[in-house]
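coords_12.csv, holding CSV, C-alpha atoms:
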```
chain,number,residue,atom,x,y,z
A,1,MET,CA,-15.3,19.0,-8.4
A,2,PRO,CA,-14.5,15.8,-6.5
A,3,ALA,CA,-11.3,15.3,-4.5
A,4,GLU,CA,-8.1,13.8,-6.1
A,5,ILE,CA,-4.9,12.3,-4.8
A,6,ASP,CA,-2.4,15.2,-4.6
A,7,HIS,CA,0.7,13.6,-3.2
A,8,ILE,CA,2.1,10.8,-1.1
A,9,VAL,CA,4.2,11.7,1.9
A,10,ILE,CA,7.3,9.7,3.0
A,11,GLY,CA,9.3,10.9,6.0
A,12,CYS,CA,13.0,10.5,6.7
A,13,ALA,CA,15.4,11.3,9.5
A,14,GLY,CA,17.8,13.1,7.2
A,15,LEU,CA,17.1,14.4,3.7
A,16,ASP,CA,20.4,13.3,2.1
A,17,GLU,CA,20.1,9.8,3.4
A,18,GLY,CA,16.4,9.6,2.4
A,19,VAL,CA,17.1,10.8,-1.1
A,20,ALA,CA,19.8,8.1,-1.6
A,21,ALA,CA,17.4,5.4,-0.4
A,22,LEU,CA,14.5,6.5,-2.5
A,23,ARG,CA,16.7,7.1,-5.6
A,24,LYS,CA,17.8,3.5,-5.4
A,25,ALA,CA,14.2,2.2,-4.8
A,26,LEU,CA,12.6,4.3,-7.5
A,27,GLY,CA,15.4,4.2,-10.0
A,28,ALA,CA,15.2,7.9,-10.5
A,29,PRO,CA,16.6,11.0,-8.7
A,30,PRO,CA,14.2,13.7,-7.3
A,31,VAL,CA,13.3,16.4,-9.7
A,32,HIS,CA,12.9,19.3,-7.2
A,33,PHE,CA,14.0,20.3,-3.7
A,34,GLY,CA,12.3,22.8,-1.4
A,35,ALA,CA,12.1,24.2,2.1
A,36,HIS,CA,9.2,25.2,4.4
A,37,SER,CA,10.3,28.0,6.8
A,38,GLN,CA,6.9,28.0,8.5
A,39,MET,CA,7.4,24.3,9.5
A,40,GLY,CA,11.1,24.0,9.8
A,41,THR,CA,11.2,21.2,7.2
A,42,HIS,CA,12.6,20.6,3.7
A,43,ASN,CA,11.7,18.1,1.0
A,44,ALA,CA,12.5,16.4,-2.3
A,45,LEU,CA,9.9,15.6,-4.9
A,46,TRP,CA,9.3,13.0,-7.6
A,47,SER,CA,6.5,13.2,-10.2
A,48,LEU,CA,4.1,10.3,-10.2
A,49,GLY,CA,2.1,11.4,-13.3
A,50,SER,CA,-1.3,12.4,-11.9
A,51,CYS,CA,0.2,13.2,-8.5
A,52,TYR,CA,3.6,13.3,-6.9
A,53,LEU,CA,5.7,11.9,-4.1
A,54,GLU,CA,7.2,14.1,-1.3
A,55,LEU,CA,10.1,13.0,0.8
A,56,ILE,CA,10.2,15.2,3.9
A,57,SER,CA,12.3,15.7,7.0
A,58,ILE,CA,13.1,18.2,9.7
A,59,ASP,CA,15.6,20.8,8.4
A,60,PRO,CA,18.4,21.0,10.9
A,61,ASP,CA,19.4,24.4,9.6
A,62,ALA,CA,15.9,25.9,9.9
A,63,ALA,CA,14.7,27.9,12.9
A,64,PRO,CA,12.2,26.1,15.1
A,65,PRO,CA,8.7,26.7,13.9
A,66,GLY,CA,7.2,27.6,17.3
A,67,ARG,CA,4.5,24.9,16.9
A,68,ALA,CA,4.3,21.2,16.2
A,69,ARG,CA,5.5,20.3,12.7
A,70,TRP,CA,3.2,18.6,10.3
A,71,PHE,CA,2.9,14.9,9.5
A,72,GLY,CA,3.8,13.9,13.0
A,73,LEU,CA,7.5,14.7,12.5
A,74,ASP,CA,8.1,15.8,16.0
A,75,GLY,CA,6.4,12.7,17.5
A,76,THR,CA,8.5,10.2,19.4
A,77,ALA,CA,6.9,7.2,17.6
A,78,THR,CA,7.4,8.8,14.1
A,79,GLN,CA,11.0,9.7,14.9
A,80,ALA,CA,11.6,6.1,16.0
A,81,ARG,CA,10.3,4.8,12.7
A,82,LEU,CA,12.4,7.2,10.7
A,83,HIS,CA,15.5,6.2,12.6
A,84,ASN,CA,15.3,2.9,10.7
A,85,GLY,CA,15.0,4.5,7.3
A,86,PRO,CA,12.4,6.4,5.2
A,87,ALA,CA,8.9,5.5,6.0
A,88,LEU,CA,5.4,6.1,4.5
A,89,LEU,CA,3.6,8.6,6.7
A,90,THR,CA,0.4,9.6,5.0
A,91,TRP,CA,-1.2,11.1,1.9
A,92,VAL,CA,-2.7,14.4,0.8
A,93,ALA,CA,-5.9,14.9,-1.1
A,94,ARG,CA,-6.5,17.9,-3.4
A,95,VAL,CA,-9.9,19.5,-2.9
A,96,PRO,CA,-11.7,22.5,-4.5
A,97,ASP,CA,-12.7,23.9,-1.1
A,98,PHE,CA,-12.8,22.8,2.5
A,99,SER,CA,-16.6,22.2,2.8
A,100,GLN,CA,-16.0,18.5,3.4
A,101,ALA,CA,-13.2,19.0,6.0
A,102,LYS,CA,-14.6,17.5,9.2
A,103,ALA,CA,-13.1,18.4,12.5
A,104,GLN,CA,-10.6,15.5,12.6
A,105,PHE,CA,-8.7,17.0,9.6
A,106,GLY,CA,-7.6,19.9,11.8
A,107,PRO,CA,-7.6,23.7,11.0
A,108,VAL,CA,-6.7,25.1,7.7
A,109,MET,CA,-3.3,26.8,7.4
A,110,SER,CA,-2.0,29.1,4.7
A,111,LEU,CA,1.5,28.0,3.6
A,112,THR,CA,4.2,28.9,1.2
A,113,ARG,CA,7.3,27.4,-0.4
A,114,ASP,CA,9.3,29.5,-2.9
A,115,ALA,CA,6.7,30.9,-5.3
A,116,LEU,CA,4.1,28.3,-4.3
A,117,ARG,CA,1.0,29.2,-2.2
A,118,TRP,CA,-1.5,26.7,-0.8
A,119,GLN,CA,-3.8,25.9,2.1
A,120,LEU,CA,-3.6,22.7,4.0
A,121,THR,CA,-5.3,21.1,7.0
A,122,VAL,CA,-2.9,20.6,9.9
A,123,PRO,CA,-4.0,19.4,13.3
A,124,ASP,CA,-2.7,21.7,16.2
A,125,ASP,CA,-0.6,18.8,17.6
A,126,GLY,CA,0.9,18.1,14.2
A,127,GLU,CA,-0.1,14.4,14.4
A,128,MET,CA,-1.7,12.6,11.5
A,129,PRO,CA,-5.4,11.8,11.8
A,130,MET,CA,-6.2,8.1,11.9
A,131,GLU,CA,-2.5,7.3,12.0
A,132,GLY,CA,-2.0,8.7,8.5
A,133,CYS,CA,-4.9,6.9,6.9
A,134,LEU,CA,-7.0,10.0,6.7
A,135,PRO,CA,-5.3,12.4,4.3
A,136,ALA,CA,-4.5,16.1,4.9
A,137,LEU,CA,-6.6,18.2,2.6
A,138,ILE,CA,-4.9,20.7,0.3
A,139,LYS,CA,-6.3,23.5,-1.8
A,140,TRP,CA,-4.2,25.2,-4.5
A,141,PRO,CA,-5.1,28.7,-5.7
A,142,ASP,CA,-7.4,28.7,-8.7
A,143,GLY,CA,-5.4,28.9,-11.9
A,144,SER,CA,-2.1,28.5,-10.1
A,145,PRO,CA,0.2,25.7,-11.5
A,146,THR,CA,0.7,22.9,-8.9
A,147,PRO,CA,3.7,20.5,-8.5
A,148,THR,CA,1.7,17.8,-10.3
A,149,GLN,CA,1.6,20.0,-13.3
A,150,THR,CA,5.2,21.4,-13.2
A,151,LEU,CA,7.5,18.6,-12.1
A,152,SER,CA,9.6,16.9,-14.7
A,153,ASP,CA,8.4,13.4,-15.6
A,154,SER,CA,10.7,10.6,-14.7
A,155,GLY,CA,8.3,7.8,-15.9
A,156,LEU,CA,7.1,7.0,-12.3
A,157,ARG,CA,3.4,6.3,-11.8
A,158,LEU,CA,1.2,5.7,-8.8
A,159,ARG,CA,-0.7,2.5,-9.6
A,160,SER,CA,-2.7,2.2,-6.3
A,161,LEU,CA,-3.2,3.6,-2.9
A,162,HIS,CA,-4.6,1.0,-0.4
A,163,LEU,CA,-6.6,2.1,2.6
A,164,PRO,CA,-8.1,0.0,5.4
A,165,SER,CA,-11.8,-0.6,5.0
A,166,LEU,CA,-12.8,1.2,8.2
A,167,PRO,CA,-16.3,2.7,8.5
A,168,ALA,CA,-15.0,5.8,10.3
A,169,LEU,CA,-12.4,6.4,7.6
A,170,ARG,CA,-14.8,6.0,4.7
A,171,ALA,CA,-17.3,8.4,6.4
A,172,ALA,CA,-14.6,11.0,6.9
A,173,LEU,CA,-13.1,10.9,3.4
A,174,PRO,CA,-14.2,13.6,0.9
A,175,ASP,CA,-15.9,12.5,-2.3
A,176,PHE,CA,-13.3,11.3,-4.9
A,177,ASN,CA,-13.4,11.0,-8.6
A,178,THR,CA,-14.2,7.4,-9.5
A,179,ASP,CA,-11.0,7.1,-11.6
A,180,GLN,CA,-8.7,7.6,-8.6
A,181,PRO,CA,-6.6,4.5,-7.9
A,182,ILE,CA,-7.9,4.1,-4.3
A,183,ARG,CA,-8.4,0.6,-3.1
A,184,PHE,CA,-10.0,-0.5,0.2
A,185,GLY,CA,-8.9,-3.7,2.0
A,186,SER,CA,-8.3,-5.5,5.2
A,187,GLN,CA,-4.7,-4.4,5.7
A,188,ARG,CA,-3.7,-2.2,8.6
A,189,GLY,CA,-2.6,1.3,7.6
A,190,ILE,CA,-1.9,2.5,4.1
A,191,LYS,CA,0.1,1.1,1.2
A,192,VAL,CA,1.2,2.6,-2.1
A,193,VAL,CA,2.2,0.8,-5.3
A,194,ILE,CA,4.5,2.8,-7.6
A,195,GLU,CA,5.6,1.7,-11.1
A,196,ARG,CA,9.1,2.6,-12.1
A,197,ALA,CA,10.1,3.7,-15.6
A,198,ASP,CA,11.5,0.2,-16.2
A,199,GLY,CA,8.2,-1.4,-15.4
A,200,ALA,CA,9.2,-2.8,-11.9
A,201,ARG,CA,6.8,-2.1,-9.1
A,202,VAL,CA,7.7,-0.8,-5.7
A,203,GLU,CA,5.4,-1.2,-2.7
A,204,TRP,CA,5.5,0.9,0.5
A,205,ASP,CA,3.4,0.3,3.6
A,206,GLN,CA,3.5,2.0,7.0
A,207,GLN,CA,5.1,-1.0,8.7
A,208,THR,CA,8.3,-1.0,6.5
A,209,ALA,CA,11.3,1.3,6.4
A,210,TYR,CA,13.5,1.7,3.3
```
Go through the file and emit its structure as structure tokens.
Amino acid sequence: MPAEIDHIVIGCAGLDEGVAALRKALGAPPVHFGAHSQMGTHNALWSLGSCYLELISIDPDAAPPGRARWFGLDGTATQARLHNGPALLTWVARVPDFSQAKAQFGPVMSLTRDALRWQLTVPDDGEMPMEGCLPALIKWPDGSPTPTQTLSDSGLRLRSLHLPSLPALRAALPDFNTDQPIRFGSQRGIKVVIERADGARVEWDQQTAY
């Protein structure tokens, strides 16, 4: 089974402020909140139909995880970006197994949130491979409902995920279903286009804070 887009990751300095900014931009409130004790982070989720959007930040009330947090959240450069507002960090690809996970994806971790269980590639230093252009790879347990399947639908849809057309990136990506809305272009970094329930479109790239 080829890979598919599982979710888009947007970081923020504080979850309350981030939720307020995204609620205004998306025209819809989040449909779920959660926390990750293993990483010392918490999040808010929006359904995008065939995938979902995750807004994530360091949880100030959580114990330090004893390792670098995922998605570069401990990094000085990432923290500087998030100080200006929520920012697009990276994306996550759903895979049937990790046979296509090359070394740059990082080791596979077993993780939990509430009743959810999954495996995810997380580099030891917590940084995002290829500055977030290369996705983390996620595997959900066979037969287990995923957030994509269980989140309430607010009418939001991911219309496109734009990636730079770099040979090293193309070579490292797993094989995707041909119906996935992945586009390659000359831009730097990644960009997502999300359609709101009212038909308006919102664009996020890695150079813009919201």
Which one of A:Gly106, A:Glu4, A:Ser186, A:Ala25 sits closest to A:Pro123 if you count only C-alpha atoms?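 Among the listed residues, A:Gly106 lies closest to A:Pro123.
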Given the choices A:Asp124, A:Asp175, A:Glu54, A:Asp198, which gets closest to A:Phe98 if the distance is worked out from only C-alpha atoms? A:Asp175
Could you pull out every residue with an atom within 6 Å of (9.0, 23.0, -0.6), file coordinates, counting only C-alpha atoms, and send them as a ChimeraX atom specification? /A:34-36,43,113
Counting all atoms listed in the file, which residue out of A:Phe71, A:Phe184, A:Trp204, A:Phe105 sits closest to A:Thr90?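 Under the stated criterion, the closest residue is A:Phe71.
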In terms of the shortest atom-to-atom distance over only C-alpha atoms, which of A:Arg170, A:His32, A:Val95, A:Pro129 is closest to A:Asp114?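 The answer is A:His32, which sits nearest to A:Asp114.
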Find the residues around A:Asp74 up to 10 Å (all atoms listed in the file counted), leave out those fewer than 4 positions away in its own chain, and share them as a list of chain:residue names. A:Ser57, A:Ile58, A:Arg67, A:Ala68, A:Arg69, A:Trp70, A:Thr78, A:Gln79, A:Asp125, A:Gly126, A:Glu127
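Atom CA of A:Ser152 lies 21.4 Å from atom CA of A:Gln180.
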For A:Arg117, find every residue with an atom within 12 Å (counting only C-alpha atoms), except residues of its own chain fewer than 3 positions away, and show them as an mmCIF file with C-alpha atoms, keeping the file's coordinate frame.
```
data_model
loop_
_atom_site.group_PDB
_atom_site.id
_atom_site.type_symbol
_atom_site.label_atom_id
_atom_site.label_comp_id
_atom_site.auth_asym_id
_atom_site.auth_seq_id
_atom_site.Cartn_x
_atom_site.Cartn_y
_atom_site.Cartn_z
ATOM 1 C CA HIS A 36 9.200 25.200 4.400
ATOM 2 C CA MET A 109 -3.300 26.800 7.400
ATOM 3 C CA SER A 110 -2.000 29.100 4.700
ATOM 4 C CA LEU A 111 1.500 28.000 3.600
ATOM 5 C CA THR A 112 4.200 28.900 1.200
ATOM 6 C CA ARG A 113 7.300 27.400 -0.400
ATOM 7 C CA ASP A 114 9.300 29.500 -2.900
ATOM 8 C CA LEU A 120 -3.600 22.700 4.000
ATOM 9 C CA ILE A 138 -4.900 20.700 0.300
ATOM 10 C CA LYS A 139 -6.300 23.500 -1.800
ATOM 11 C CA TRP A 140 -4.200 25.200 -4.500
ATOM 12 C CA PRO A 141 -5.100 28.700 -5.700
ATOM 13 C CA ASP A 142 -7.400 28.700 -8.700
ATOM 14 C CA GLY A 143 -5.400 28.900 -11.900
ATOM 15 C CA SER A 144 -2.100 28.500 -10.100
ATOM 16 C CA PRO A 145 0.200 25.700 -11.500
ATOM 17 C CA THR A 146 0.700 22.900 -8.900
ATOM 18 C CA PRO A 147 3.700 20.500 -8.500
#
```
The distance between atom CA of A:Glu203 and atom CA of A:Leu82 is 17.3 Å
Near A:Thr178, within 12 Å and counting all atoms listed in the file, which residues show up once chain neighbours fewer than 3 positions away are dropped, as number ranges by chain? A: 1-5, 175, 181-183
Any idea what's packed within 10 Å of A:Gly132, counting only C-alpha atoms, ignoring anything in its chain fewer than 2 positions away? Could you give it as a PyMOL selection string? chain A and resi 9+71-72+88-92+127-130+134-136+163+189-190+206
Would you put the residues from that selection into a file with C-alpha atoms, as a PDB file, in the coordinates of the input?
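Below is the file that was written, part-v2.pdb:
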```
ATOM      1  CA  VAL A   9       4.200  11.700   1.900  1.00  0.00           C
ATOM      2  CA  PHE A  71       2.900  14.900   9.500  1.00  0.00           C
ATOM      3  CA  GLY A  72       3.800  13.900  13.000  1.00  0.00           C
ATOM      4  CA  LEU A  88       5.400   6.100   4.500  1.00  0.00           C
ATOM      5  CA  LEU A  89       3.600   8.600   6.700  1.00  0.00           C
ATOM      6  CA  THR A  90       0.400   9.600   5.000  1.00  0.00           C
ATOM      7  CA  TRP A  91      -1.200  11.100   1.900  1.00  0.00           C
ATOM      8  CA  VAL A  92      -2.700  14.400   0.800  1.00  0.00           C
ATOM      9  CA  GLU A 127      -0.100  14.400  14.400  1.00  0.00           C
ATOM     10  CA  MET A 128      -1.700  12.600  11.500  1.00  0.00           C
ATOM     11  CA  PRO A 129      -5.400  11.800  11.800  1.00  0.00           C
ATOM     12  CA  MET A 130      -6.200   8.100  11.900  1.00  0.00           C
ATOM     13  CA  LEU A 134      -7.000  10.000   6.700  1.00  0.00           C
ATOM     14  CA  PRO A 135      -5.300  12.400   4.300  1.00  0.00           C
ATOM     15  CA  ALA A 136      -4.500  16.100   4.900  1.00  0.00           C
ATOM     16  CA  LEU A 163      -6.600   2.100   2.600  1.00  0.00           C
ATOM     17  CA  GLY A 189      -2.600   1.300   7.600  1.00  0.00           C
ATOM     18  CA  ILE A 190      -1.900   2.500   4.100  1.00  0.00           C
ATOM     19  CA  GLN A 206       3.500   2.000   7.000  1.00  0.00           C
TER      20      GLN A 206
END
```
So the first atom is atom CA of A:His83 and the second is atom CA of A:Phe33; what is the distance between them in Å, to one decimal place?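 A separation of 21.6 Å between them.
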Skipping near chain neighbours, those fewer than 3 positions away, what residues fall within 12 Å of A:Leu22 using all atoms listed in the file, listed as an NGL selection string? :A and (10-12 or 15-19 or 25-30 or 44-46 or 53-56 or 85-88 or 194 or 196 or 202-204 or 209-210)
Taking into account all atoms listed in the file, which residue in the set A:Ala200, A:Glu131, A:Ala172, A:Arg159 is nearest to A:Ala77? A:Glu131
